[in-house]
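Participant: Starting off with a structure, shown below.
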Amino acid sequence: MQNNERTKASQKITLIGAVVDFLLAIFKVIAGVLGNSGALIADGIHSFSDLLSDGVVLYATKHANEEADEDHPYGHKRFETIATLGLAIILAIVGIGVIYNAIERLDNPNILSYSTLLFGVTALSILSKELLFWVTIKVAKTYKSNMLKANAWHHRSDALSSVVVLVGIFGSLNGYPYLDGVAAIIVGLMVMAIAWELGSNATKELVDTSIDIKEVEKLRKVIGMISGVNSVHSLRTRKIGHAISADVHVQVDPFLSVSEGHIITISVERVAKECLEDLHDVTVHIDPEDDETAAPCKHLPERAVALGILNKALFNNECDGEIERIQLHYLDGKIHVDFFLPLSCISPDTSRNEILKKLTKMVNALPAFGNIKVYFS
């Protein structure tokens, strides 16, 4: 439901912006041609490029909030990122074109005419684009959309570029005709600066750049305070559209049960999402020890093979009939073993210490195995 609302709100404000951009582009180009203003024509071309970027935003908002499917198991949020990168490329091309055209006009500056028309259209552009900025930024903040936020600042850059055009026109009408070309170059540079900012942020997201280090440390601290978590290591985060994804390794007591370890992972997920509001996906890996410093256990035989080795040794030592259950602990490069025996094993002829001694001697003779514990029930 919230995704549908987000999509509708994003599409509505983008359509409004597209209509305004279309009308402004026509007004600016016509007024620029009639008044011989290269700066205003450049600003009009900029507005036409905004239509293309509005189309990209509309496409992205439609698809970015779709639910995960078989082809996109992590969702479609990166449609926003791709759209933002595409928008940046479009703006960069437009900026280069505007600057090239303005440099040519500097050699042959035009005498401006229809000053009232030029001032009127430019003032209309400033007011309308500034209003669009405030309306769009409000929607972007409400639904936490970086793409809409980028589009809002795009509107603000348009308003600022129109201010530059206004200054250029004013200077040109007052005996400084080259100022119109200078204003057009400044507009082109502003467009390219916005393109760089949008493109660099989108690229960082596509290469899985971490979120702000302060937020990472905040997340690490709150996870470390959870009961049962001994330490936190290998905490990684990344942005996926407007959402944050994280995976974390937490160290717990190595002798916890699987079910208790599972409860700890649930607690970690809950606390992490409470800590970072935009955190949507958390992968928790439970470690019985710090696997970054402890001896590796990868070379050790897995459970089926390890049990085969133990059962053979138990049979050879004539104590296989006494064992009810065996529990293995892979720690610090060794397999530590818990044996569970019935109380009936203890008799006047066989004491608890004798059973422990016999099993310890047997396990010590086996490679890859470590300490043992014996439990009676």
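Residue names in the structure tokens use chain letters A, B, ... in the order shown, residue numbers from 1 in each chain, and ligand numbers from 1 in the order shown.
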Which of region 223-284 of chain A counts as alpha helix (DSSP H) under DSSP, as a list in words please?
Facilitator: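 Checking each residue of region 223-284 of chain A, the alpha helix (DSSP H) ones are Ile223, Gly224, Val258, Ser259, Glu260, Gly261, His262, Ile263, Ile264, Thr265, Ile266, Ser267, Val268, Glu269, Arg270, Val271, Ala272, Lys273, Glu274 and Cys275 of chain A.
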Participant: Select, from A:Ile26, A:Val182, A:Ile286, A:Ala306, the residue with the minimum atom-to-atom distance to Ile99 (chain A), counting only C-alpha atoms.
Facilitator: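 Smallest separation from Ile99 (chain A) among the options: A:Val182.
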Participant: Any idea what's packed within 10 Å of Ala150 (chain A), counting only C-alpha atoms, ignoring anything in its chain fewer than 2 positions away? Could you give it as a list of chain:residue names?
Facilitator: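 Counting only the stated atoms, we get A:Thr84, A:Leu87, A:Ala88, A:Phe133, A:Thr136, A:Ile137, A:Ala140, A:Ser145, A:Asn146, A:Met147, A:Leu148, A:Ala152, A:Trp153, A:His154, A:His155, A:Arg156, A:Ile194, A:Ala195, A:Glu197, A:Leu198.
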Participant: Residues as selected, N, CA and C atoms, written as an mmCIF file, in the first residue's frame, can you do that?
Facilitator:
```cif
data_model
loop_
_atom_site.group_PDB
_atom_site.id
_atom_site.type_symbol
_atom_site.label_atom_id
_atom_site.label_comp_id
_atom_site.auth_asym_id
_atom_site.auth_seq_id
_atom_site.Cartn_x
_atom_site.Cartn_y
_atom_site.Cartn_z
ATOM 1 N N THR A 84 18.783 7.807 -12.348
ATOM 2 C CA THR A 84 19.558 8.967 -11.912
ATOM 3 C C THR A 84 20.857 9.082 -12.702
ATOM 4 N N LEU A 87 20.016 10.284 -16.161
ATOM 5 C CA LEU A 87 19.713 11.710 -16.093
ATOM 6 C C LEU A 87 20.998 12.527 -16.065
ATOM 7 N N ALA A 88 21.986 12.053 -15.312
ATOM 8 C CA ALA A 88 23.269 12.760 -15.210
ATOM 9 C C ALA A 88 23.977 12.806 -16.562
ATOM 10 N N PHE A 133 10.639 23.238 -7.134
ATOM 11 C CA PHE A 133 11.662 22.712 -6.218
ATOM 12 C C PHE A 133 11.053 22.410 -4.860
ATOM 13 N N THR A 136 8.462 19.471 -4.988
ATOM 14 C CA THR A 136 9.104 18.176 -5.252
ATOM 15 C C THR A 136 9.939 17.719 -4.067
ATOM 16 N N ILE A 137 10.661 18.647 -3.431
ATOM 17 C CA ILE A 137 11.502 18.264 -2.294
ATOM 18 C C ILE A 137 10.651 17.786 -1.131
ATOM 19 N N ALA A 140 9.786 14.244 -1.985
ATOM 20 C CA ALA A 140 11.001 13.434 -1.868
ATOM 21 C C ALA A 140 11.305 13.099 -0.413
ATOM 22 N N SER A 145 12.896 9.543 -1.320
ATOM 23 C CA SER A 145 13.321 9.201 -2.673
ATOM 24 C C SER A 145 14.500 10.072 -3.092
ATOM 25 N N ASN A 146 15.662 9.467 -3.229
ATOM 26 C CA ASN A 146 16.837 10.205 -3.684
ATOM 27 C C ASN A 146 16.666 10.683 -5.121
ATOM 28 N N MET A 147 15.953 9.893 -5.919
ATOM 29 C CA MET A 147 15.737 10.281 -7.307
ATOM 30 C C MET A 147 14.886 11.549 -7.386
ATOM 31 N N LEU A 148 13.800 11.616 -6.604
ATOM 32 C CA LEU A 148 12.974 12.816 -6.588
ATOM 33 C C LEU A 148 13.728 13.995 -5.985
ATOM 34 N N ALA A 152 14.322 17.451 -7.710
ATOM 35 C CA ALA A 152 13.987 18.723 -7.065
ATOM 36 C C ALA A 152 15.149 19.708 -7.197
ATOM 37 N N TRP A 153 16.356 19.224 -6.918
ATOM 38 C CA TRP A 153 17.520 20.097 -7.047
ATOM 39 C C TRP A 153 17.789 20.458 -8.497
ATOM 40 N N HIS A 154 17.350 19.600 -9.389
ATOM 41 C CA HIS A 154 17.409 19.923 -10.815
ATOM 42 C C HIS A 154 16.528 21.146 -11.093
ATOM 43 N N HIS A 155 15.335 21.167 -10.496
ATOM 44 C CA HIS A 155 14.459 22.343 -10.633
ATOM 45 C C HIS A 155 15.126 23.585 -10.051
ATOM 46 N N ARG A 156 15.760 23.429 -8.888
ATOM 47 C CA ARG A 156 16.437 24.563 -8.253
ATOM 48 C C ARG A 156 17.577 25.071 -9.144
ATOM 49 N N ILE A 194 25.655 19.840 -11.846
ATOM 50 C CA ILE A 194 24.553 19.009 -11.358
ATOM 51 C C ILE A 194 24.693 17.582 -11.893
ATOM 52 N N ALA A 195 25.092 17.469 -13.174
ATOM 53 C CA ALA A 195 25.284 16.142 -13.774
ATOM 54 C C ALA A 195 26.355 15.354 -13.026
ATOM 55 N N GLU A 197 27.310 15.713 -9.866
ATOM 56 C CA GLU A 197 26.836 15.334 -8.535
ATOM 57 C C GLU A 197 25.899 14.136 -8.605
ATOM 58 N N LEU A 198 24.937 14.191 -9.525
ATOM 59 C CA LEU A 198 23.983 13.081 -9.659
ATOM 60 C C LEU A 198 24.698 11.809 -10.101
#
```
Participant: Using backbone DSSP assignments, extract all strand (DSSP E) residues from region 287-363 of chain A; output them as a list in words.
Facilitator: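 Matching residues for strand (DSSP E) in region 287-363 of chain A are Asp287, Arg325, Ile326, Gln327, Leu328, His329, Tyr330, Leu331, Lys334, Ile335, His336, Val337, Asp338, Phe339, Phe340 and Leu341 of chain A.
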Participant: Please produce an output containing N, CA and C atoms for each residue in the selection, written as a JSON list (two decimals), in the first residue's frame.
Facilitator:
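The resulting file, selection35.json, is shown below:
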```json
[["chain", "number", "residue", "atom", "x", "y", "z"],
["A", 287, "ASP", "N", 28.36, -16.33, 14.56],
["A", 287, "ASP", "CA", 29.69, -16.93, 14.70],
["A", 287, "ASP", "C", 29.90, -17.42, 16.13],
["A", 325, "ARG", "N", 23.87, -39.68, 22.60],
["A", 325, "ARG", "CA", 23.93, -38.57, 21.64],
["A", 325, "ARG", "C", 25.32, -37.96, 21.65],
["A", 326, "ILE", "N", 25.75, -37.50, 20.48],
["A", 326, "ILE", "CA", 27.05, -36.82, 20.35],
["A", 326, "ILE", "C", 26.83, -35.44, 19.75],
["A", 327, "GLN", "N", 27.42, -34.44, 20.38],
["A", 327, "GLN", "CA", 27.31, -33.06, 19.89],
["A", 327, "GLN", "C", 28.71, -32.55, 19.57],
["A", 328, "LEU", "N", 28.87, -31.96, 18.37],
["A", 328, "LEU", "CA", 30.18, -31.49, 17.91],
["A", 328, "LEU", "C", 30.26, -29.97, 17.96],
["A", 329, "HIS", "N", 31.44, -29.45, 18.30],
["A", 329, "HIS", "CA", 31.68, -28.01, 18.32],
["A", 329, "HIS", "C", 32.97, -27.73, 17.54],
["A", 330, "TYR", "N", 32.83, -27.03, 16.44],
["A", 330, "TYR", "CA", 33.97, -26.68, 15.59],
["A", 330, "TYR", "C", 34.53, -25.34, 16.06],
["A", 331, "LEU", "N", 35.61, -25.38, 16.84],
["A", 331, "LEU", "CA", 36.17, -24.17, 17.46],
["A", 331, "LEU", "C", 37.68, -24.19, 17.41],
["A", 334, "LYS", "N", 39.71, -27.09, 15.88],
["A", 334, "LYS", "CA", 39.53, -28.44, 16.41],
["A", 334, "LYS", "C", 38.04, -28.78, 16.49],
["A", 335, "ILE", "N", 37.77, -30.09, 16.58],
["A", 335, "ILE", "CA", 36.39, -30.54, 16.83],
["A", 335, "ILE", "C", 36.31, -30.97, 18.29],
["A", 336, "HIS", "N", 35.57, -30.21, 19.07],
["A", 336, "HIS", "CA", 35.36, -30.55, 20.48],
["A", 336, "HIS", "C", 34.05, -31.32, 20.59],
["A", 337, "VAL", "N", 34.04, -32.33, 21.47],
["A", 337, "VAL", "CA", 32.93, -33.30, 21.48],
["A", 337, "VAL", "C", 32.24, -33.33, 22.84],
["A", 338, "ASP", "N", 30.88, -33.30, 22.79],
["A", 338, "ASP", "CA", 30.07, -33.54, 23.99],
["A", 338, "ASP", "C", 29.41, -34.91, 23.84],
["A", 339, "PHE", "N", 29.63, -35.79, 24.86],
["A", 339, "PHE", "CA", 28.98, -37.10, 24.89],
["A", 339, "PHE", "C", 27.85, -37.07, 25.90],
["A", 340, "PHE", "N", 26.70, -37.60, 25.51],
["A", 340, "PHE", "CA", 25.55, -37.69, 26.42],
["A", 340, "PHE", "C", 25.29, -39.16, 26.71],
["A", 341, "LEU", "N", 25.35, -39.53, 28.01],
["A", 341, "LEU", "CA", 25.21, -40.92, 28.44],
["A", 341, "LEU", "C", 24.08, -41.02, 29.46]]
```
Participant: With only C-alpha atoms as the counted atoms, please give the residues lying no more than 12 Å from Leu219 (chain A), apart from itself and same-chain residues fewer than 6 positions off, as a ChimeraX atom specification.
Facilitator: /A:211-213,225-226,232-233,235-237,246-248,268-277,279,282
Participant: Between CA of Leu310 (chain A) and CA of Gly370 (chain A), what is the spacing in Å?
Facilitator: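 Between these atoms lies a distance of 12.3 Å.
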Participant: Skipping near chain neighbours, those fewer than 2 positions away, what residues fall within 12 Å of Lys361 (chain A) using only C-alpha atoms, listed as JSON, numbers by chain?
Facilitator: {"A": [313, 314, 317, 354, 355, 356, 357, 358, 359, 363, 364, 365, 366, 369, 370, 371, 372]}
Participant: With N, CA and C atoms retained, export the selected residues as a CSV table (one decimal), in the first residue's frame.
Facilitator:
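File produced: part_27.csv:
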```csv
chain,number,residue,atom,x,y,z
A,313,ALA,N,35.8,-45.5,16.5
A,313,ALA,CA,36.7,-45.5,17.7
A,313,ALA,C,36.0,-46.0,18.9
A,314,LEU,N,34.7,-45.6,19.0
A,314,LEU,CA,33.9,-46.0,20.2
A,314,LEU,C,33.7,-47.6,20.1
A,317,ASN,N,36.8,-49.4,21.1
A,317,ASN,CA,37.1,-49.3,22.5
A,317,ASN,C,36.0,-49.9,23.3
A,354,GLU,N,36.1,-42.6,35.6
A,354,GLU,CA,36.6,-43.7,34.7
A,354,GLU,C,36.1,-43.6,33.3
A,355,ILE,N,34.8,-43.3,33.2
A,355,ILE,CA,34.2,-43.1,31.8
A,355,ILE,C,34.8,-41.9,31.1
A,356,LEU,N,34.9,-40.8,31.8
A,356,LEU,CA,35.5,-39.6,31.3
A,356,LEU,C,37.0,-39.8,30.8
A,357,LYS,N,37.7,-40.6,31.6
A,357,LYS,CA,39.1,-40.9,31.3
A,357,LYS,C,39.2,-41.7,30.1
A,358,LYS,N,38.4,-42.7,30.0
A,358,LYS,CA,38.4,-43.6,28.8
A,358,LYS,C,38.0,-42.9,27.5
A,359,LEU,N,37.0,-42.1,27.6
A,359,LEU,CA,36.6,-41.3,26.4
A,359,LEU,C,37.6,-40.3,26.0
A,363,VAL,N,39.5,-40.0,22.3
A,363,VAL,CA,39.4,-38.9,21.5
A,363,VAL,C,40.8,-38.2,21.2
A,364,ASN,N,41.6,-38.2,22.2
A,364,ASN,CA,43.0,-37.7,22.1
A,364,ASN,C,43.8,-38.4,21.0
A,365,ALA,N,43.5,-39.6,20.8
A,365,ALA,CA,44.2,-40.4,19.8
A,365,ALA,C,43.8,-40.1,18.4
A,366,LEU,N,42.7,-39.3,18.3
A,366,LEU,CA,42.1,-39.0,16.9
A,366,LEU,C,42.6,-37.7,16.4
A,369,PHE,N,40.6,-33.8,16.5
A,369,PHE,CA,39.6,-33.6,17.6
A,369,PHE,C,40.3,-33.0,18.8
A,370,GLY,N,39.5,-32.3,19.6
A,370,GLY,CA,40.0,-31.5,20.8
A,370,GLY,C,39.5,-32.0,22.1
A,371,ASN,N,39.0,-31.1,22.9
A,371,ASN,CA,38.5,-31.4,24.2
A,371,ASN,C,37.1,-32.2,24.2
A,372,ILE,N,36.8,-32.9,25.3
A,372,ILE,CA,35.5,-33.5,25.4
A,372,ILE,C,34.8,-33.1,26.7
```
Participant: Might you pull out every residue within 10 Å of His285 (chain A), with only C-alpha atoms counted and same-chain residues fewer than 3 positions away left off, and present them as a PyMOL selection string?
Facilitator: chain A and resi 234+247-251+261-262+265+282
Participant: Using only C-alpha atoms, which of A:Leu173, A:Thr7, A:Thr122, A:His46 sits nearest Leu58 (chain A)?
Facilitator: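 Among A:Leu173, A:Thr7, A:Thr122, A:His46, it is A:Thr7 that comes nearest to Leu58 (chain A).
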Participant: Quick one: residues within 10 Å of Ile90 (chain A), only C-alpha atoms counted, chain neighbours fewer than 5 positions away excluded, as a VMD selection string?
Facilitator: chain A and resid 49 to 50 52 to 53 84 to 85 95 191 to 192 195
Participant: Could you tell me how far CA of Gly55 (chain A) lies from CA of Ser162 (chain A), in Å and to one decimal?
Facilitator: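 That distance, rounded to one decimal, is 22.2 Å.
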